[in-house]
Structure formats: C-alpha cells, structure tokens
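Containing mmCIF, C-alpha atoms: input-v9.cif.
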```
data_start
loop_
_atom_site.label_atom_id
_atom_site.label_comp_id
_atom_site.auth_asym_id
_atom_site.auth_seq_id
_atom_site.Cartn_x
_atom_site.Cartn_y
_atom_site.Cartn_z
CA MET A 206 -64.59 -78.48 53.85
CA ASN A 207 -63.72 -75.88 56.49
CA LEU A 208 -64.39 -72.16 56.46
CA ALA A 209 -61.08 -71.19 54.79
CA GLU A 210 -61.73 -73.61 51.91
CA LEU A 211 -65.28 -72.33 51.51
CA VAL A 212 -64.08 -68.70 51.30
CA PHE A 213 -61.32 -69.79 48.89
CA VAL A 214 -63.83 -71.49 46.59
CA VAL A 215 -66.07 -68.39 46.61
CA LEU A 216 -63.07 -66.17 45.76
CA SER A 217 -62.03 -68.61 43.02
CA VAL A 218 -65.46 -68.46 41.43
CA ILE A 219 -65.35 -64.64 41.54
CA ALA A 220 -61.82 -64.62 40.06
CA VAL A 221 -62.59 -67.03 37.21
CA GLY A 222 -65.93 -65.41 36.38
CA SER A 223 -64.53 -61.88 36.22
CA ALA A 224 -61.47 -63.13 34.28
CA VAL A 225 -63.79 -64.61 31.64
CA LEU A 226 -65.77 -61.35 31.52
CA SER A 227 -62.53 -59.37 31.29
CA MET A 228 -61.23 -61.43 28.38
CA THR A 229 -64.52 -61.45 26.45
CA SER A 230 -66.00 -57.98 27.16
CA HIS A 231 -66.49 -55.79 24.11
CA GLN A 232 -66.16 -52.61 26.17
CA LEU A 233 -62.44 -51.86 26.54
CA VAL A 234 -62.63 -50.05 29.88
CA HIS A 235 -64.99 -52.68 31.29
CA ALA A 236 -62.39 -55.33 30.46
CA ALA A 237 -59.77 -53.44 32.52
CA LEU A 238 -62.23 -52.96 35.40
CA TRP A 239 -63.17 -56.66 35.45
CA LEU A 240 -59.46 -57.40 35.69
CA VAL A 241 -59.43 -55.35 38.93
CA VAL A 242 -62.04 -57.72 40.37
CA THR A 243 -59.98 -60.76 39.33
CA LEU A 244 -56.76 -59.38 40.81
CA GLY A 245 -58.53 -58.40 44.03
CA ALA A 246 -59.98 -61.90 44.41
CA VAL A 247 -56.51 -63.39 43.81
CA ALA A 248 -55.15 -61.07 46.53
CA GLY A 249 -57.81 -62.53 48.85
CA CYS A 250 -56.58 -66.00 47.90
CA PHE A 251 -53.02 -64.96 48.84
CA LEU A 252 -54.31 -63.85 52.26
CA LEU A 253 -56.02 -67.21 52.78
CA MET A 254 -52.74 -68.96 51.94
CA THR A 255 -51.04 -66.97 54.77
CA ALA A 256 -49.09 -64.75 52.33
CA GLU A 257 -49.93 -61.39 53.91
CA LEU A 258 -47.22 -59.23 52.40
CA VAL A 259 -47.68 -60.62 48.87
CA ALA A 260 -51.42 -59.93 49.11
CA TRP A 261 -50.87 -56.26 49.99
CA VAL A 262 -48.17 -55.86 47.34
CA GLN A 263 -50.62 -57.34 44.84
CA VAL A 264 -53.25 -54.78 45.84
CA LEU A 265 -50.73 -51.90 45.71
CA VAL A 266 -48.91 -52.77 42.48
CA TYR A 267 -51.51 -54.57 40.38
CA VAL A 268 -54.84 -53.11 41.44
CA GLY A 269 -53.29 -49.73 42.22
CA SER A 270 -50.90 -48.96 39.41
CA VAL A 271 -50.94 -51.55 36.62
CA VAL A 272 -54.67 -51.25 35.99
CA VAL A 273 -54.50 -47.43 36.12
CA LEU A 274 -51.68 -47.57 33.56
CA VAL A 275 -53.76 -49.86 31.32
CA ILE A 276 -56.80 -47.57 31.55
CA PHE A 277 -54.61 -44.59 30.63
CA ALA A 278 -53.26 -46.51 27.61
CA LEU A 279 -56.78 -47.50 26.56
CA MET A 280 -57.91 -43.88 26.66
CA LEU A 281 -54.80 -42.59 24.84
CA THR A 282 -55.21 -45.13 22.02
CA ARG A 283 -58.96 -44.71 21.65
CA GLN A 284 -59.78 -45.20 18.00
CA THR A 285 -62.19 -42.96 16.18
CA GLY A 286 -64.48 -44.23 13.48
CA GLY A 287 -66.30 -47.51 13.17
CA THR A 288 -65.83 -49.97 15.98
CA THR A 289 -64.78 -53.44 15.00
CA ALA A 290 -65.34 -56.72 16.79
CA GLU A 291 -62.84 -57.02 19.59
CA VAL A 292 -61.80 -60.58 18.84
CA THR A 293 -59.81 -62.00 15.94
CA GLY A 294 -61.17 -64.52 13.50
CA ASN A 295 -59.26 -67.36 15.09
CA ARG A 296 -61.02 -67.02 18.43
CA TRP A 297 -62.20 -70.65 18.40
CA ILE A 298 -58.64 -71.91 17.93
CA ALA A 299 -57.61 -69.61 20.78
CA ALA A 300 -60.46 -70.90 22.97
CA GLY A 301 -59.46 -74.48 22.18
CA LEU A 302 -55.81 -73.83 23.05
CA GLY A 303 -56.79 -72.07 26.29
CA LEU A 304 -59.04 -74.96 27.24
CA VAL A 305 -56.32 -77.51 26.43
CA ALA A 306 -53.80 -75.55 28.54
CA ALA A 307 -56.18 -75.24 31.51
CA VAL A 308 -57.31 -78.87 31.42
CA GLY A 309 -53.78 -80.17 30.85
CA LEU A 310 -52.31 -78.13 33.70
CA GLY A 311 -55.23 -79.02 35.97
CA ALA A 312 -54.92 -82.74 35.24
CA THR A 313 -51.17 -82.60 35.92
CA MET A 314 -51.79 -80.83 39.24
CA ILE A 315 -54.46 -83.34 40.27
CA ALA A 316 -52.22 -86.28 39.33
CA GLY A 317 -49.24 -84.86 41.19
CA PHE A 318 -50.61 -83.17 44.31
CA ARG A 319 -53.91 -84.84 45.19
CA GLY A 320 -54.47 -85.01 48.96
CA GLN A 321 -51.72 -82.54 49.93
CA GLN A 322 -52.64 -79.98 52.56
CA ILE A 323 -51.46 -76.40 53.19
CA GLU A 324 -50.98 -76.14 56.94
CA GLY A 325 -49.81 -72.53 57.18
CA ARG A 326 -46.88 -73.24 59.51
CA ARG A 327 -44.77 -70.31 58.29
CA ILE A 328 -46.85 -67.19 57.81
CA GLY A 329 -45.52 -64.72 55.23
CA THR A 330 -45.61 -61.55 57.35
CA ALA A 331 -43.69 -58.45 56.32
CA GLY A 332 -41.09 -59.27 58.98
CA SER A 333 -40.38 -62.84 57.90
CA ILE A 334 -40.38 -61.98 54.16
CA GLY A 335 -38.10 -59.02 54.83
CA ASP A 336 -35.72 -61.26 56.80
CA ALA A 337 -35.60 -63.77 53.92
CA LEU A 338 -35.31 -61.03 51.29
CA PHE A 339 -32.46 -59.07 52.86
CA ASN A 340 -30.57 -62.02 54.34
CA ASN A 341 -30.69 -64.49 51.48
CA TRP A 342 -32.03 -62.80 48.34
CA VAL A 343 -30.14 -59.49 48.35
CA LEU A 344 -28.33 -60.01 45.03
CA PRO A 345 -31.50 -60.81 43.00
CA PHE A 346 -33.16 -57.85 44.72
CA GLU A 347 -30.38 -55.49 43.60
CA ILE A 348 -30.40 -56.91 40.06
CA LEU A 349 -34.15 -56.40 39.97
CA SER A 350 -33.72 -52.72 40.79
CA GLY A 351 -31.40 -52.49 37.77
CA VAL A 352 -34.06 -54.18 35.62
CA LEU A 353 -36.71 -51.73 36.81
CA LEU A 354 -34.44 -48.76 36.09
CA ALA A 355 -33.67 -50.08 32.60
CA ALA A 356 -37.37 -50.63 31.90
CA LEU A 357 -38.18 -47.10 33.11
CA ILE A 358 -35.51 -45.50 30.91
CA GLY A 359 -36.55 -47.71 27.99
CA ALA A 360 -40.20 -46.71 28.34
CA ILE A 361 -39.27 -43.01 28.42
CA VAL A 362 -37.00 -43.34 25.36
CA ILE A 363 -39.59 -45.31 23.37
CA SER A 364 -42.42 -42.90 24.13
CA ARG A 365 -40.29 -39.78 23.45
CA SER A 366 -38.60 -40.88 20.22
CA GLY A 367 -41.78 -40.75 18.13
CA SER A 368 -43.01 -37.36 19.36
CA ASP A 369 -40.30 -35.04 17.98
CA ARG A 370 -40.52 -36.41 14.48
CA MET B 135 -56.57 -76.12 53.21
CA SER B 136 -56.18 -78.51 50.31
CA LEU B 137 -53.31 -77.64 47.98
CA LEU B 138 -55.42 -78.45 44.92
CA TYR B 139 -57.72 -75.42 45.20
CA PRO B 140 -55.08 -72.77 44.42
CA LEU B 141 -53.43 -75.00 41.81
CA LEU B 142 -56.69 -75.55 39.92
CA LEU B 143 -57.57 -71.84 40.17
CA SER B 144 -54.21 -70.94 38.68
CA SER B 145 -54.67 -73.48 35.85
CA ALA B 146 -58.03 -71.93 35.00
CA LEU B 147 -56.67 -68.36 35.11
CA PHE B 148 -53.73 -69.37 32.89
CA GLY B 149 -56.07 -70.87 30.29
CA ILE B 150 -58.29 -67.77 30.30
CA GLY B 151 -55.25 -65.51 29.97
CA LEU B 152 -53.93 -67.59 27.07
CA TYR B 153 -57.28 -67.24 25.32
CA GLY B 154 -57.16 -63.47 25.88
CA VAL B 155 -53.66 -63.13 24.42
CA LEU B 156 -54.51 -65.17 21.34
CA ALA B 157 -58.03 -63.91 20.63
CA ARG B 158 -57.93 -60.17 21.41
CA ARG B 159 -57.39 -57.73 18.57
CA ASN B 160 -56.57 -54.74 20.77
CA ALA B 161 -52.87 -54.77 21.74
CA VAL B 162 -53.55 -53.26 25.19
CA LEU B 163 -56.01 -56.05 25.98
CA MET B 164 -53.46 -58.64 24.84
CA LEU B 165 -51.19 -57.25 27.57
CA LEU B 166 -54.05 -57.72 30.05
CA GLY B 167 -54.06 -61.42 29.12
CA VAL B 168 -50.33 -61.59 29.82
CA GLU B 169 -50.92 -60.03 33.25
CA LEU B 170 -53.56 -62.66 33.99
CA MET B 171 -51.15 -65.47 33.07
CA LEU B 172 -48.44 -63.94 35.29
CA ASN B 173 -50.94 -63.81 38.13
CA ALA B 174 -51.68 -67.51 37.68
CA VAL B 175 -47.95 -68.19 38.03
CA ASN B 176 -47.82 -66.06 41.20
CA LEU B 177 -50.69 -68.06 42.66
CA ASN B 178 -48.77 -71.29 42.01
CA LEU B 179 -45.60 -69.92 43.60
CA VAL B 180 -47.40 -68.78 46.76
CA ALA B 181 -49.32 -72.06 47.04
CA PHE B 182 -46.18 -74.19 46.80
CA ASP B 183 -44.34 -71.91 49.24
CA ALA B 184 -47.13 -72.22 51.80
CA TRP B 185 -47.34 -75.99 51.26
CA PHE B 186 -43.58 -76.52 51.56
CA ALA B 187 -43.29 -74.15 54.60
CA ASP B 188 -39.95 -73.04 53.16
CA GLN B 189 -37.41 -71.62 55.61
CA LEU B 190 -36.20 -69.05 53.05
CA HIS B 191 -39.72 -68.12 51.78
CA THR B 192 -38.43 -68.79 48.25
CA GLY B 193 -41.85 -68.86 46.62
CA GLN B 194 -43.14 -65.65 48.15
CA VAL B 195 -39.91 -63.73 47.51
CA LEU B 196 -39.96 -64.95 43.91
CA THR B 197 -43.59 -63.80 43.70
CA LEU B 198 -42.52 -60.29 44.76
CA PHE B 199 -39.82 -60.38 42.05
CA THR B 200 -42.38 -61.56 39.47
CA ILE B 201 -44.73 -58.72 40.41
CA ALA B 202 -41.89 -56.19 39.94
CA VAL B 203 -40.88 -57.71 36.58
CA ALA B 204 -44.55 -57.71 35.50
CA ALA B 205 -44.79 -54.01 36.37
CA ALA B 206 -41.67 -53.33 34.27
CA GLU B 207 -43.12 -55.43 31.45
CA ILE B 208 -46.47 -53.66 31.38
CA GLY B 209 -44.74 -50.25 31.43
CA LEU B 210 -42.50 -51.13 28.49
CA GLY B 211 -45.31 -52.92 26.66
CA LEU B 212 -47.64 -49.95 26.92
CA ALA B 213 -44.87 -47.59 25.75
CA ILE B 214 -44.39 -49.80 22.68
CA VAL B 215 -48.15 -49.87 22.07
CA LEU B 216 -48.28 -46.06 22.31
CA ALA B 217 -45.37 -45.74 19.85
CA LEU B 218 -47.20 -48.15 17.52
CA PHE B 219 -50.38 -46.09 17.81
CA ARG B 220 -48.46 -42.92 16.97
CA ALA B 221 -46.90 -44.56 13.91
CA VAL B 222 -49.92 -46.28 12.33
CA ARG B 223 -52.91 -44.72 14.21
CA THR B 224 -54.27 -48.10 15.29
CA VAL B 225 -53.67 -50.70 17.98
CA ASP B 226 -55.60 -53.41 16.15
CA VAL B 227 -53.09 -56.24 15.71
CA ASP B 228 -54.91 -57.57 12.64
CA GLU B 229 -54.64 -54.24 10.81
CA VAL B 230 -51.05 -53.63 11.93
CA GLY B 231 -50.08 -56.99 10.46
CA ARG B 232 -51.42 -56.05 7.04
#
```
Would you mind giving the structure from this file in structure tokens?
Amino acid sequence: MNLAELVFVVLSVIAVGSAVLSMTSHQLVHAALWLVVTLGAVAGCFLLMTAELVAWVQVLVYVGSVVVLVIFALMLTRQTGGTTAEVTGNRWIAAGLGLVAAVGLGATMIAGFRGQQIEGRRIGTAGSIGDALFNNWVLPFEILSGVLLAALIGAIVISRSGSDR
Amino acid sequence: MSLLYPLLLSSALFGIGLYGVLARRNAVLMLLGVELMLNAVNLNLVAFDAWFADQLHTGQVLTLFTIAVAAAEIGLGLAIVLALFRAVRTVDVDEVGR
C-alpha cells in the first residue's frame, strides 16, 4: 500500500463515518454540517484520483452552495412545539435495504474489478476537461444550461405561488 | 492506486444515502440522502474515468453534468418542501401522509 492509497483509506473512513453521523444525527443542522465533512472528504478522493477540476467544482458547488441552501431550508422550516424522533418507524427495514444495497454493490465491484489499478495517465486538469467539454460535449452542455434555467424558473414559481394566497 | 478503493467507498456511501432517504422523517434530510447517493455515483464515474484513461474524459465531464443536475434538483426539491411547509405547516413526511 503506497502513500496515495493510505491517504485514500483515511479519507474514506472520514467520509463513511461522517455520512453515518449525518444520516443518524438527531440535530438537524448537525446533520447538514456532517454532510459538509463527507463531501469535503469525497473532494479529497477526487484529487487523489487525478480529477483536479471535479474536486474544486465539488468544493464550490456542493460544500459552498448546496449545503448553505439546505441549512437555509432547515431554518425556514423549523417546527415549533414538541420535537419528534427524527426517524420513521420502519428504520430497521431501511437499514436492512441500505446494507443489502451496499453489500450487493460492493460484492459486484469486487467480483468485476479486483486487481485493476488506476495509473493516472490522463490528469483531469481544467485545460484538458475544458478541451473535452467544448470540443466534444458542447450539445449536452448547452442542454444542461436549459435544464438549469428551467429549474431556476420552476423554483421561483413554486415558492411564489403559495405566498400571495 | 487500486480501483477497488473508490468503488467500495461509493458502494458504502450509496447504502448510507439509501438508508437516509428511507428512514428520515424530515423532508429536507431526505434530500440530503439523495445528495449522498448522487455523490456516490460521481465517485464511481471519476474512478472509472481515471482507470480507463479516456481520451474524451467522458466520466469527469459526466460528473460535472451530474453535479449541475444535482444542484438543480436540490433547488427545486427545497422549493417544493418550502411550499409544502407553507401549506401544511410541517415537513414531517409521516404527518403529511396522514
């Protein structure tokens, strides 16, 4: 096990541990903040897999804006009155299904890709990703901007329509 | 680096996210579980891209697209949750279902 693998394993342990804390925490804001730790550790994993640009986009979009948005939503929908348990009654079924999904996917991955190595021959710098994006993936990129615009307008319409009633 | 490390990490994150979506009562925290599952998918895409050393960087470009779609999804999802909260004064999915 070389240094990169050691760092990757440490980041994986951090990511999985904080993901479990995020999904089981009874404090709502703590759950969102533990998710920041998970997403940051995953960004570190992207860096170790030579995906520079994706790692920084992850930090900017996920850690920067998505989590802030979630914290805003948590504070806007804060319920007054008695606090209830934060998990549904079927949490053991949910835990079983999650375990089955994780073990099943993991077993498939081990069966299919045991012994394969990432060599990092093509590093995902901003330059090389930009070349690929604007030479070969322009049409999906443009369609995606339409999707983002539609989502933005939809979010504004949905959040305005209830307020004037 | 062995390809299995990122693949197993993404399997674990997907399972945890699935548990979160199914077990949480708060609708905002259900969306957090969805984000975690999307991140597991991103991890897979980047790992396979780096392993395949793709000339077109398909996996990493698709990861950027997934991140943008996830941002759109969380924006719309939170708007729906806020509309729900305004209508019934709760975001507890058990009580909304009743």
Could you spell out the hits of the PyMOL selection byres ((chain A and resi 313-316) around 10) on the shown file, as a short mmCIF file (atom, residue, chain, number, x, y, z; two decimals) with C-alpha atoms, keeping the file's coordinate frame?
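Result went into expr08.cif, see below:
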```cif
data_model
loop_
_atom_site.label_atom_id
_atom_site.label_comp_id
_atom_site.auth_asym_id
_atom_site.auth_seq_id
_atom_site.Cartn_x
_atom_site.Cartn_y
_atom_site.Cartn_z
CA ALA A 307 -56.18 -75.24 31.51
CA VAL A 308 -57.31 -78.87 31.42
CA GLY A 309 -53.78 -80.17 30.85
CA LEU A 310 -52.31 -78.13 33.70
CA GLY A 311 -55.23 -79.02 35.97
CA ALA A 312 -54.92 -82.74 35.24
CA GLY A 317 -49.24 -84.86 41.19
CA PHE A 318 -50.61 -83.17 44.31
CA ARG A 319 -53.91 -84.84 45.19
CA GLY A 320 -54.47 -85.01 48.96
CA LEU B 137 -53.31 -77.64 47.98
CA LEU B 138 -55.42 -78.45 44.92
CA TYR B 139 -57.72 -75.42 45.20
CA LEU B 141 -53.43 -75.00 41.81
CA LEU B 142 -56.69 -75.55 39.92
CA SER B 145 -54.67 -73.48 35.85
#
```
Hits of the PyMOL selection byres ((chain B) within 7 of (chain A)) in this structure, as an MDAnalysis selection string
chainID B and resid 135:138 141:143 145:150 152:154 156:160 162 181 184:185 187 190:191 194:195 198 205:206 209:210 212:214 216:217 219 224
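Going from atom CA of A:Ile219 to atom CA of B:Thr200 covers 23.3 Å.
As for atom CA of B:Val225 and atom CA of B:Ser144, they are spaced 29.0 Å apart.
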A straight line from atom CA of A:Ser223 to atom CA of B:Val175 spans 17.8 Å
Keeping just N, CA and C atoms, export stretch 150-172 of chain B of this structure as an mmCIF file, in the first residue's frame.
```cif
data_model
loop_
_atom_site.group_PDB
_atom_site.id
_atom_site.type_symbol
_atom_site.label_atom_id
_atom_site.label_comp_id
_atom_site.auth_asym_id
_atom_site.auth_seq_id
_atom_site.Cartn_x
_atom_site.Cartn_y
_atom_site.Cartn_z
ATOM 1 N N ILE B 150 -25.537 4.126 2.659
ATOM 2 C CA ILE B 150 -25.875 5.056 3.744
ATOM 3 C C ILE B 150 -26.908 6.069 3.266
ATOM 4 N N GLY B 151 -26.728 6.566 2.016
ATOM 5 C CA GLY B 151 -27.695 7.522 1.479
ATOM 6 C C GLY B 151 -29.070 6.910 1.330
ATOM 7 N N LEU B 152 -29.109 5.642 0.894
ATOM 8 C CA LEU B 152 -30.401 4.958 0.752
ATOM 9 C C LEU B 152 -31.095 4.836 2.100
ATOM 10 N N TYR B 153 -30.307 4.488 3.143
ATOM 11 C CA TYR B 153 -30.890 4.432 4.483
ATOM 12 C C TYR B 153 -31.469 5.789 4.872
ATOM 13 N N GLY B 154 -30.694 6.868 4.581
ATOM 14 C CA GLY B 154 -31.164 8.202 4.953
ATOM 15 C C GLY B 154 -32.477 8.564 4.274
ATOM 16 N N VAL B 155 -32.576 8.250 2.970
ATOM 17 C CA VAL B 155 -33.798 8.592 2.235
ATOM 18 C C VAL B 155 -34.988 7.834 2.804
ATOM 19 N N LEU B 156 -34.787 6.555 3.141
ATOM 20 C CA LEU B 156 -35.917 5.742 3.577
ATOM 21 C C LEU B 156 -36.276 5.980 5.035
ATOM 22 N N ALA B 157 -35.300 6.335 5.888
ATOM 23 C CA ALA B 157 -35.569 6.337 7.321
ATOM 24 C C ALA B 157 -35.870 7.726 7.878
ATOM 25 N N ARG B 158 -35.444 8.808 7.183
ATOM 26 C CA ARG B 158 -35.629 10.133 7.749
ATOM 27 C C ARG B 158 -37.076 10.578 7.664
ATOM 28 N N ARG B 159 -37.542 11.278 8.682
ATOM 29 C CA ARG B 159 -38.899 11.823 8.634
ATOM 30 C C ARG B 159 -38.914 13.229 8.078
ATOM 31 N N ASN B 160 -37.816 13.971 8.268
ATOM 32 C CA ASN B 160 -37.758 15.353 7.789
ATOM 33 C C ASN B 160 -37.473 15.355 6.284
ATOM 34 N N ALA B 161 -38.321 16.067 5.505
ATOM 35 C CA ALA B 161 -38.179 16.023 4.045
ATOM 36 C C ALA B 161 -36.860 16.627 3.585
ATOM 37 N N VAL B 162 -36.348 17.661 4.298
ATOM 38 C CA VAL B 162 -35.075 18.265 3.902
ATOM 39 C C VAL B 162 -33.939 17.256 4.063
ATOM 40 N N LEU B 163 -34.008 16.462 5.141
ATOM 41 C CA LEU B 163 -32.935 15.489 5.366
ATOM 42 C C LEU B 163 -33.049 14.304 4.403
ATOM 43 N N MET B 164 -34.256 14.011 3.906
ATOM 44 C CA MET B 164 -34.373 13.023 2.831
ATOM 45 C C MET B 164 -33.603 13.487 1.609
ATOM 46 N N LEU B 165 -33.699 14.799 1.299
ATOM 47 C CA LEU B 165 -32.952 15.337 0.153
ATOM 48 C C LEU B 165 -31.445 15.220 0.372
ATOM 49 N N LEU B 166 -30.995 15.349 1.637
ATOM 50 C CA LEU B 166 -29.574 15.160 1.932
ATOM 51 C C LEU B 166 -29.140 13.746 1.567
ATOM 52 N N GLY B 167 -30.006 12.764 1.855
ATOM 53 C CA GLY B 167 -29.695 11.378 1.483
ATOM 54 C C GLY B 167 -29.559 11.224 -0.018
ATOM 55 N N VAL B 168 -30.436 11.906 -0.774
ATOM 56 C CA VAL B 168 -30.341 11.849 -2.238
ATOM 57 C C VAL B 168 -29.009 12.425 -2.704
ATOM 58 N N GLU B 169 -28.594 13.546 -2.081
ATOM 59 C CA GLU B 169 -27.303 14.148 -2.449
ATOM 60 C C GLU B 169 -26.159 13.178 -2.204
ATOM 61 N N LEU B 170 -26.239 12.451 -1.086
ATOM 62 C CA LEU B 170 -25.177 11.483 -0.767
ATOM 63 C C LEU B 170 -25.123 10.380 -1.817
ATOM 64 N N MET B 171 -26.307 9.905 -2.261
ATOM 65 C CA MET B 171 -26.314 8.856 -3.289
ATOM 66 C C MET B 171 -25.749 9.388 -4.601
ATOM 67 N N LEU B 172 -26.091 10.643 -4.958
ATOM 68 C CA LEU B 172 -25.547 11.224 -6.184
ATOM 69 C C LEU B 172 -24.030 11.345 -6.097
#
```
